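Notes to accompany the following structure.
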Amino acid sequence: MTSEKTEAENLAVVQGLFQAFGAGDITTILNHLAEDVTIDFYGPPVIPYAGHYAGLEDARKFFETVLASVEIHQFDPLEFIAKGDNVIVTGELELTAKSTGNRFASDFVHAITLRDGKWIWFRDFMNTFVAAEAFRDRQF
């Protein structure tokens, strides 16, 4: 298999999972994750879904917690960049913390590593300061 073909397939998988997330379709997401998937959302514990998740059950918990914790007003991936088994996604989001009603916005970068067409490592980078303040019931 050529590197270009692998990159194209990886892009298609990642784009499909972003569509599934936008639709709240956790089952489809989980079907495209490796059993030993790792998810890292870097941020303080006040953000309900911040932390390290290992394996499919933890992955389910992560996505369920995200969808239960925020109302999504905007979640726009803007750029998908593939290099071998890695895909970087940049984008913009605007969310409301359901626990406080506070709205926040941020750019994001997602770093995704795939193996055999399934996600094995997902890292989420965003402005966690504004997210934490929204969950703390403080706005800046």
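In the structure tokens, the first chain shown is A, the next is B, and so on; residue numbers restart at 1 for each chain, and ligands run from 1 in the order shown.
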All alpha helix (DSSP H) positions in range 14-119 of chain A, as a ChimeraX atom specification: /A:14-22,26-31,56-69
For the selection you just gave me, I'd like the residues written to a file as a PDB file, in the first residue's frame, keeping C-alpha atoms.
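This went into out13.pdb:
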```pdb
ATOM      1  CA  VAL A  14     -10.840  10.978  10.607  1.00  0.00           C
ATOM      2  CA  GLN A  15     -13.316  13.050   8.594  1.00  0.00           C
ATOM      3  CA  GLY A  16     -15.964  10.357   9.119  1.00  0.00           C
ATOM      4  CA  LEU A  17     -15.414  10.385  12.871  1.00  0.00           C
ATOM      5  CA  PHE A  18     -15.689  14.162  13.014  1.00  0.00           C
ATOM      6  CA  GLN A  19     -19.052  13.876  11.213  1.00  0.00           C
ATOM      7  CA  ALA A  20     -20.146  11.173  13.671  1.00  0.00           C
ATOM      8  CA  PHE A  21     -19.154  13.383  16.627  1.00  0.00           C
ATOM      9  CA  GLY A  22     -21.142  16.290  15.179  1.00  0.00           C
ATOM     10  CA  ILE A  26     -20.861   7.537  19.738  1.00  0.00           C
ATOM     11  CA  THR A  27     -21.427   4.026  18.363  1.00  0.00           C
ATOM     12  CA  THR A  28     -19.899   4.922  14.999  1.00  0.00           C
ATOM     13  CA  ILE A  29     -16.988   6.622  16.737  1.00  0.00           C
ATOM     14  CA  LEU A  30     -16.272   3.567  18.894  1.00  0.00           C
ATOM     15  CA  ASN A  31     -16.398   1.277  15.851  1.00  0.00           C
ATOM     16  CA  LEU A  56     -12.726   1.467  24.494  1.00  0.00           C
ATOM     17  CA  GLU A  57     -14.773   1.762  27.694  1.00  0.00           C
ATOM     18  CA  ASP A  58     -12.803   4.825  28.748  1.00  0.00           C
ATOM     19  CA  ALA A  59     -13.226   6.223  25.220  1.00  0.00           C
ATOM     20  CA  ARG A  60     -16.993   5.757  25.498  1.00  0.00           C
ATOM     21  CA  LYS A  61     -16.891   7.560  28.855  1.00  0.00           C
ATOM     22  CA  PHE A  62     -14.894  10.432  27.325  1.00  0.00           C
ATOM     23  CA  PHE A  63     -17.269  11.031  24.410  1.00  0.00           C
ATOM     24  CA  GLU A  64     -20.394  10.588  26.566  1.00  0.00           C
ATOM     25  CA  THR A  65     -19.003  13.040  29.135  1.00  0.00           C
ATOM     26  CA  VAL A  66     -18.161  15.617  26.479  1.00  0.00           C
ATOM     27  CA  LEU A  67     -21.632  15.433  24.942  1.00  0.00           C
ATOM     28  CA  ALA A  68     -23.323  15.510  28.378  1.00  0.00           C
ATOM     29  CA  SER A  69     -21.217  18.440  29.617  1.00  0.00           C
TER      30      SER A  69
END
```
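The protein and nucleic acid residues lying at most 9 Å from Lys83 in chain A are Ser3, Glu4, Glu7, Asn86, Val87 and Ile88 of chain A, with only C-alpha atoms considered and sequence neighbours fewer than 3 positions away removed.
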Mind writing the picked residues with all heavy atoms as a tab-separated table (two decimals), in the first residue's frame?
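Output (again-v3.tsv):
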```tsv
chain	number	residue	atom	x	y	z
A	3	SER	N	2.05	5.14	0.59
A	3	SER	CA	1.87	6.11	1.66
A	3	SER	C	0.72	7.06	1.34
A	3	SER	O	-0.06	7.40	2.21
A	3	SER	CB	3.17	6.88	1.87
A	3	SER	OG	2.98	7.87	2.85
A	4	GLU	N	0.62	7.48	0.07
A	4	GLU	CA	-0.47	8.39	-0.33
A	4	GLU	C	-1.83	7.74	-0.12
A	4	GLU	O	-2.77	8.39	0.33
A	4	GLU	CB	-0.29	8.81	-1.78
A	4	GLU	CG	0.85	9.79	-1.99
A	4	GLU	CD	1.03	10.17	-3.45
A	4	GLU	OE1	0.17	9.84	-4.28
A	4	GLU	OE2	2.05	10.81	-3.75
A	7	GLU	N	-2.52	7.64	3.62
A	7	GLU	CA	-2.89	8.97	4.09
A	7	GLU	C	-4.31	9.32	3.68
A	7	GLU	O	-5.07	9.87	4.48
A	7	GLU	CB	-1.88	10.00	3.59
A	7	GLU	CG	-0.55	9.89	4.28
A	7	GLU	CD	0.53	10.79	3.70
A	7	GLU	OE1	0.26	11.50	2.71
A	7	GLU	OE2	1.65	10.78	4.25
A	86	ASN	N	-0.49	9.69	10.90
A	86	ASN	CA	-0.88	10.81	11.76
A	86	ASN	C	-1.73	11.80	10.98
A	86	ASN	O	-1.43	12.11	9.82
A	86	ASN	CB	0.37	11.52	12.30
A	86	ASN	CG	1.18	10.60	13.18
A	86	ASN	OD1	0.71	10.18	14.23
A	86	ASN	ND2	2.37	10.27	12.75
A	87	VAL	N	-2.77	12.28	11.64
A	87	VAL	CA	-3.63	13.30	11.06
A	87	VAL	C	-3.77	14.42	12.09
A	87	VAL	O	-4.07	14.16	13.26
A	87	VAL	CB	-5.02	12.75	10.68
A	87	VAL	CG1	-5.91	13.86	10.14
A	87	VAL	CG2	-4.89	11.61	9.67
A	88	ILE	N	-3.55	15.64	11.65
A	88	ILE	CA	-3.74	16.83	12.48
A	88	ILE	C	-4.97	17.55	11.96
A	88	ILE	O	-5.12	17.75	10.75
A	88	ILE	CB	-2.51	17.77	12.40
A	88	ILE	CG1	-1.23	17.04	12.80
A	88	ILE	CG2	-2.74	19.03	13.24
A	88	ILE	CD1	-1.19	16.53	14.20
```
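Between Thr6 in chain A and the candidates A:Ala132, A:Ala82, A:Ile112, A:Ala54, the tightest atom-to-atom separation, counting only C-alpha atoms, involves A:Ala82.
The closest residue to Phe125 in chain A, picked from A:Ala97, A:Val70, A:Ile81, A:Val89 and counting only C-alpha atoms, is A:Val89.
Across the structure, CA of Asn10 in chain A and CA of Thr128 in chain A are spaced 27.4 Å apart.
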Spatial neighbours of Lys118 in chain A, 9 Å, only C-alpha atoms, chain gap at least 4 places, as a PyMOL selection string: chain A and resi 10+13-14+31-34+37+113-114
Please produce a file of the residues just selected, as a JSON list (two decimals), in the first residue's frame, where the atoms kept are all heavy atoms.
```
[["chain", "number", "residue", "atom", "x", "y", "z"],
["A", 10, "ASN", "N", -6.63, 7.33, 5.89],
["A", 10, "ASN", "CA", -6.64, 7.89, 7.25],
["A", 10, "ASN", "C", -7.44, 9.18, 7.31],
["A", 10, "ASN", "O", -8.21, 9.41, 8.25],
["A", 10, "ASN", "CB", -5.21, 8.11, 7.74],
["A", 10, "ASN", "CG", -4.50, 6.82, 8.08],
["A", 10, "ASN", "OD1", -5.12, 5.79, 8.29],
["A", 10, "ASN", "ND2", -3.18, 6.87, 8.13],
["A", 13, "VAL", "N", -11.13, 8.30, 7.34],
["A", 13, "VAL", "CA", -11.56, 7.80, 8.65],
["A", 13, "VAL", "C", -11.75, 8.96, 9.62],
["A", 13, "VAL", "O", -12.77, 9.06, 10.30],
["A", 13, "VAL", "CB", -10.55, 6.77, 9.21],
["A", 13, "VAL", "CG1", -10.84, 6.47, 10.69],
["A", 13, "VAL", "CG2", -10.57, 5.49, 8.40],
["A", 14, "VAL", "N", -10.77, 9.85, 9.68],
["A", 14, "VAL", "CA", -10.84, 10.98, 10.61],
["A", 14, "VAL", "C", -12.02, 11.89, 10.26],
["A", 14, "VAL", "O", -12.79, 12.28, 11.13],
["A", 14, "VAL", "CB", -9.51, 11.76, 10.63],
["A", 14, "VAL", "CG1", -9.65, 13.07, 11.40],
["A", 14, "VAL", "CG2", -8.40, 10.89, 11.22],
["A", 31, "ASN", "N", -16.69, 2.30, 16.86],
["A", 31, "ASN", "CA", -16.40, 1.28, 15.85],
["A", 31, "ASN", "C", -15.12, 1.57, 15.08],
["A", 31, "ASN", "O", -14.58, 0.69, 14.41],
["A", 31, "ASN", "CB", -17.56, 1.12, 14.87],
["A", 31, "ASN", "CG", -18.74, 0.42, 15.49],
["A", 31, "ASN", "OD1", -18.61, -0.33, 16.45],
["A", 31, "ASN", "ND2", -19.92, 0.68, 14.95],
["A", 32, "HIS", "N", -14.62, 2.80, 15.15],
["A", 32, "HIS", "CA", -13.41, 3.18, 14.42],
["A", 32, "HIS", "C", -12.23, 3.46, 15.34],
["A", 32, "HIS", "O", -11.26, 4.08, 14.93],
["A", 32, "HIS", "CB", -13.71, 4.40, 13.53],
["A", 32, "HIS", "CG", -14.59, 4.05, 12.38],
["A", 32, "HIS", "ND1", -15.96, 4.09, 12.49],
["A", 32, "HIS", "CD2", -14.31, 3.63, 11.14],
["A", 32, "HIS", "CE1", -16.48, 3.71, 11.32],
["A", 32, "HIS", "NE2", -15.51, 3.44, 10.49],
["A", 33, "LEU", "N", -12.34, 3.00, 16.59],
["A", 33, "LEU", "CA", -11.25, 3.13, 17.54],
["A", 33, "LEU", "C", -10.66, 1.76, 17.80],
["A", 33, "LEU", "O", -11.39, 0.77, 17.90],
["A", 33, "LEU", "CB", -11.75, 3.72, 18.87],
["A", 33, "LEU", "CG", -12.47, 5.07, 18.81],
["A", 33, "LEU", "CD1", -12.85, 5.51, 20.23],
["A", 33, "LEU", "CD2", -11.62, 6.13, 18.14],
["A", 34, "ALA", "N", -9.35, 1.71, 17.96],
["A", 34, "ALA", "CA", -8.68, 0.45, 18.33],
["A", 34, "ALA", "C", -9.04, 0.10, 19.77],
["A", 34, "ALA", "O", -9.34, 0.99, 20.57],
["A", 34, "ALA", "CB", -7.17, 0.61, 18.18],
["A", 37, "VAL", "N", -7.08, 2.05, 22.34],
["A", 37, "VAL", "CA", -7.04, 3.48, 22.08],
["A", 37, "VAL", "C", -6.69, 4.26, 23.35],
["A", 37, "VAL", "O", -7.06, 3.85, 24.46],
["A", 37, "VAL", "CB", -8.39, 3.98, 21.49],
["A", 37, "VAL", "CG1", -9.52, 3.84, 22.50],
["A", 37, "VAL", "CG2", -8.27, 5.40, 20.97],
["A", 113, "THR", "N", -3.41, 9.60, 15.85],
["A", 113, "THR", "CA", -2.55, 8.56, 15.29],
["A", 113, "THR", "C", -3.43, 7.35, 15.02],
["A", 113, "THR", "O", -4.25, 6.97, 15.86],
["A", 113, "THR", "CB", -1.42, 8.19, 16.27],
["A", 113, "THR", "OG1", -0.67, 9.37, 16.57],
["A", 113, "THR", "CG2", -0.50, 7.14, 15.67],
["A", 114, "LEU", "N", -3.26, 6.76, 13.83],
["A", 114, "LEU", "CA", -4.05, 5.60, 13.43],
["A", 114, "LEU", "C", -3.16, 4.38, 13.23],
["A", 114, "LEU", "O", -1.97, 4.51, 12.94],
["A", 114, "LEU", "CB", -4.80, 5.88, 12.13],
["A", 114, "LEU", "CG", -5.83, 7.01, 12.18],
["A", 114, "LEU", "CD1", -5.23, 8.30, 11.70],
["A", 114, "LEU", "CD2", -7.04, 6.64, 11.37]]
```
